[in-house]
Amino acid sequence: MGVRGVRTNTCCKPHRRKELIMSNLFRLVGISLVIFLLALPAAACKPWESAMTLIMTVDTPQDGTTVSSSPVTVTGTVNKTAEVKINDMVVPVKGGKFSTDFKLTEGSNVINVVATSGKDTVQKTLTITYNPSKQ
């Protein structure tokens with residue numbers, strides 16, 4: 001019993017000290033996490049992408065089509081940061097989208113579209129027939 005019949009808890013000081021240490025530790029971890037997350041865009045680092053499988057779609061032209069004018073516009077998307085090449089020529093990618101004009105020769109044309117991100121590579125091969133309209 002303490003003063004005037006009030007019971008004092010002898011474990012209070014060590015318990016408060018432990019709570020204070022844990023509180024400061026959680027605060028420090030939280031601040032470190034915020035700093036880390038804010039620094040990611042500055043470093044152009046996207047760690048969530050490393051777990052993603054590289055997916056590339058070629059929207060146009062459709063494989064096996066016949067066209068009557070050249071060039072054709074080759075467009076598509078990639079789901080993560082990647083280098084895209086069309087017949088070994090690097091094509092700019094912005095916001096996951098790529099687009100470039102591709103000059104065709106009369107007859108059958110093979111267009112190889114390759115996306116590479118780290119060790120991942122995806123390839124699509126299109127065959128487009130160019131039959132120019134004769135006037």
# chains A, B, ... in the order shown; residues from 1 in each chain; ligands from 1
call {"tool": "residues_around", "arguments": {"residues": "A:Asp88", "least_positions_apart": "5", "cutoff": "9 Å", "atoms": "only C-alpha atoms", "output": "VMD selection string"}}
result
chain A and resid 112 to 114
call {"tool": "atom_distance", "arguments": {"atom1": "atom CA of A:Thr73", "atom2": "atom CA of A:Asp120"}}
result
25.1 Å
call {"tool": "select_by_dssp", "arguments": {"residues": "stretch 12-107 of chain A", "states": "alpha helix (DSSP H)", "output": "ChimeraX atom specification"}}
result
/A:12-42
call {"tool": "atom_distance", "arguments": {"atom1": "atom CA of A:Pro71", "atom2": "atom CA of A:Asn87"}}
result
14.3 Å
call {"tool": "residues_around", "arguments": {"residues": "A:Lys103", "least_positions_apart": "6", "cutoff": "10 Å", "atoms": "only C-alpha atoms", "output": "list in words"}}
result
Ser69, Ser70, Pro71, Val72, Thr73, Asn109 and Tyr130 of chain A
call {"tool": "atom_distance", "arguments": {"atom1": "atom CA of A:Val110", "atom2": "atom CA of A:Met52"}}
result
29.0 Å
call {"tool": "closest_residue", "arguments": {"among": "A:Ser23, A:Ser32, A:Gln62, A:Thr75", "to": "A:Leu126", "atoms": "only C-alpha atoms"}}
result
A:Gln62
call {"tool": "residues_around", "arguments": {"residues": "A:Pro92", "least_positions_apart": "5", "cutoff": "12 Å", "atoms": "only C-alpha atoms", "output": "MDAnalysis selection string"}}
result
chainID A and resid 74:78 81:86 97:101 115
call {"tool": "write_last_selection", "arguments": {"atoms": "N, CA and C atoms", "output": "mmCIF file, in the first residue's frame"}}
result
data_model
loop_
_atom_site.group_PDB
_atom_site.id
_atom_site.type_symbol
_atom_site.label_atom_id
_atom_site.label_comp_id
_atom_site.auth_asym_id
_atom_site.auth_seq_id
_atom_site.Cartn_x
_atom_site.Cartn_y
_atom_site.Cartn_z
ATOM 1 N N VAL A 74 2.517 -0.464 -86.651
ATOM 2 C CA VAL A 74 2.565 -1.582 -85.707
ATOM 3 C C VAL A 74 2.399 -0.983 -84.313
ATOM 4 N N THR A 75 1.343 -1.416 -83.603
ATOM 5 C CA THR A 75 1.078 -0.897 -82.258
ATOM 6 C C THR A 75 0.888 -2.056 -81.298
ATOM 7 N N GLY A 76 1.156 -1.780 -80.027
ATOM 8 C CA GLY A 76 0.946 -2.801 -79.011
ATOM 9 C C GLY A 76 1.251 -2.270 -77.624
ATOM 10 N N THR A 77 1.242 -3.186 -76.659
ATOM 11 C CA THR A 77 1.490 -2.823 -75.266
ATOM 12 C C THR A 77 2.383 -3.861 -74.589
ATOM 13 N N VAL A 78 3.066 -3.402 -73.545
ATOM 14 C CA VAL A 78 3.803 -4.283 -72.641
ATOM 15 C C VAL A 78 3.344 -3.940 -71.230
ATOM 16 N N THR A 81 8.140 -2.339 -67.661
ATOM 17 C CA THR A 81 9.224 -1.663 -68.360
ATOM 18 C C THR A 81 9.978 -2.672 -69.219
ATOM 19 N N ALA A 82 10.047 -2.388 -70.513
ATOM 20 C CA ALA A 82 10.696 -3.319 -71.434
ATOM 21 C C ALA A 82 11.234 -2.563 -72.637
ATOM 22 N N GLU A 83 12.209 -3.190 -73.299
ATOM 23 C CA GLU A 83 12.699 -2.684 -74.580
ATOM 24 C C GLU A 83 11.958 -3.466 -75.665
ATOM 25 N N VAL A 84 11.416 -2.748 -76.640
ATOM 26 C CA VAL A 84 10.698 -3.398 -77.733
ATOM 27 C C VAL A 84 11.474 -3.159 -79.026
ATOM 28 N N LYS A 85 11.641 -4.241 -79.791
ATOM 29 C CA LYS A 85 12.293 -4.152 -81.100
ATOM 30 C C LYS A 85 11.353 -4.751 -82.148
ATOM 31 N N ILE A 86 11.302 -4.076 -83.291
ATOM 32 C CA ILE A 86 10.563 -4.596 -84.430
ATOM 33 C C ILE A 86 11.581 -4.813 -85.544
ATOM 34 N N LYS A 97 3.044 1.565 -73.930
ATOM 35 C CA LYS A 97 2.540 1.449 -75.306
ATOM 36 C C LYS A 97 3.661 1.724 -76.311
ATOM 37 N N PHE A 98 3.619 1.000 -77.422
ATOM 38 C CA PHE A 98 4.583 1.248 -78.490
ATOM 39 C C PHE A 98 3.848 1.367 -79.818
ATOM 40 N N SER A 99 4.451 2.118 -80.720
ATOM 41 C CA SER A 99 3.857 2.331 -82.038
ATOM 42 C C SER A 99 4.941 2.823 -82.990
ATOM 43 N N THR A 100 4.951 2.263 -84.197
ATOM 44 C CA THR A 100 5.892 2.704 -85.212
ATOM 45 C C THR A 100 5.362 2.314 -86.588
ATOM 46 N N ASP A 101 5.775 3.058 -87.589
ATOM 47 C CA ASP A 101 5.414 2.727 -88.960
ATOM 48 C C ASP A 101 6.430 1.730 -89.510
ATOM 49 N N ALA A 115 9.933 -8.150 -77.156
ATOM 50 C CA ALA A 115 10.008 -7.326 -75.945
ATOM 51 C C ALA A 115 10.950 -8.024 -74.966
#
call {"tool": "closest_residue", "arguments": {"among": "A:Ser117, A:Thr105, A:Asn24, A:Thr125", "to": "A:Asp63", "atoms": "only C-alpha atoms"}}
result
A:Thr125
